Amino acid sequence: MKFNPGNFYFGVVDFFSIMLPGGLLAFSLYGSYGDKLFGQILPEIPKISDSIMWVVFLFAAYLFGHIVFLIGSYLDYTYDIIRPCVWSKKKDHAYKQTGKLKKQFLGEEKIATMNNFQWAKAVLKLHHPEGMVEVARLEADSKFFRSLFVVVSFLFVAGFLGDHNRLILFLMAIVIIVSYCRYAELRHKSTEQAYRHLIVIHSHGKLERVVPRCNDTPTHAGGIVYRHVNDKVEYLLVSARNQPELWVLPKGHIEPGEDIEHAALREVFEETGVTAKIVAKIPRPIRFECKGEQVHAVFYLMEYLNEKQAMENRQSAWVSLEEALQRIPFKDTVKILQEADKMRRG
């Protein structure tokens with residue numbers, strides 16, 4: 001059998017975040033309330049068999065550990081509240097970029113099915129297992145301190161009601177505060193590490209494989225339109241229909257029975273009011289999923305002829321190649337624009 005360090009590590013995680021806190025709670029409950037809860041049953045068990053006592057203890061530790069883990073999971077909601085207060089928005093660039101990528105690849109309808117951290121971990125499991133183990137290590141440490149916070153809080157309340165030593169209660173209060181602070185710190189580190197790994201994966205062009213590929217029949221057509229202004233070349237961009245803050249290349253659906261070239265010219269005119277002529281077809285198509293629909297977009301390099309009022313209420317802009325590459329947020333679109341510029345210069 002091949003040794004998998006990831007699986008071994010997750011077993012250690014279960015031990016430290018479930019069994020240890022559960023064992024601590026079971027031991028404390030038995031020591032303080034064992035006689036009251038179980039009478040003469042538990043004291044007689046060691047006389048019968050030491051192994052039975054261990055079975056009972058391990059069972060109680062496992063059961064209490066899962067209860068503690070479940071209660072501790074609600075602390076994640078408090079973390080979501082304090083995160084913007086403790087870690088300023090200026091340090092949230094990785095979180096925001098991950099949100100944009102999730103929206104790009106999942107679409108508006110699916111982004112609510114999971115948060116940014118869950119999506120980042122799912123991608124890491126597919127493309128970067130080593131990075132996922134690193135993230136899981138930080139997440140597991142945070143879960144341990146989360147469970148420790150719950151256990152010590154329970155013991156603190158029980159000790160306070162039972163009038164225990166004040167020094168012990170004071171030390172418990174310190175452990176409670178330190179446990180929560182350490183939990184929040186480690187959770188923040190785990191999420192940030194996941195976001196950074198995801199951004200690096202996307203920068204190397206590997207994230208596109210997360211999106212299912214569609215068939216070879218084009219569903220959309222568009223144009224990369226250029227014009228010459230004072231010996232400079234400008235390219236035509238248009239604001240996205242559903243996200244006006246994003247800039248994209250003009251494109252749209254190919255109507256049933258419509259010629260692909262005609263669809264590309266029509267979409268450019270309807271979205272921007274620009275009339276152009278086709279110079280060449282871009283060999284590289286763009287494939288992605290949007291709102292559950294498989295999109296296979298074909299683009300043509302086009303030369304500007306004239307311009308009228310656009311049929312759609314969308315903003316358009318003529319910009320240099322450098323500015324266009326900065327404005328467009330999608331890696332595939334950036335690549336196809338660079339390829340079109342090489343074809344134009346050739």
# chains A, B, ... in the order shown; residues from 1 in each chain; ligands from 1
>>> select_by_dssp(residues="range 90-301 of chain A", states="alpha helix (DSSP H)", output="PyMOL selection string")
chain A and resi 93-106+116-127+129-161+166-203+260-272
>>> closest_atom_pairs(of="range 75-182 of chain A", to="range 50-70 of chain A", cutoff="10 Å", atoms="only C-alpha atoms", output="CSV")
residue,atom,partner,partner_atom,distance
A:Leu75,CA,A:Leu70,CA,9.7
A:Lys143,CA,A:Phe69,CA,8.0
A:Phe144,CA,A:Phe69,CA,8.9
A:Arg146,CA,A:Phe69,CA,8.0
A:Ser147,CA,A:Phe69,CA,5.8
A:Leu148,CA,A:Val68,CA,8.6
A:Phe149,CA,A:Val68,CA,9.4
A:Val150,CA,A:Val68,CA,6.4
A:Val151,CA,A:Val68,CA,7.0
A:Phe154,CA,A:Val68,CA,9.9
>>> residues_around(residues="range 252-266 of chain A", least_positions_apart="6", cutoff="7 Å", atoms="only C-alpha atoms", output="PyMOL selection string")
chain A and resi 219-223+276
>>> closest_residue(among="A:Gly159, A:Pro285, A:Gly22, A:Gly273", to="Glu307 in chain A", atoms="only C-alpha atoms")
A:Gly273
>>> closest_residue(among="A:Ile174, A:Met311, A:Ala184, A:Leu337", to="Leu237 in chain A", atoms="only C-alpha atoms")
A:Leu337
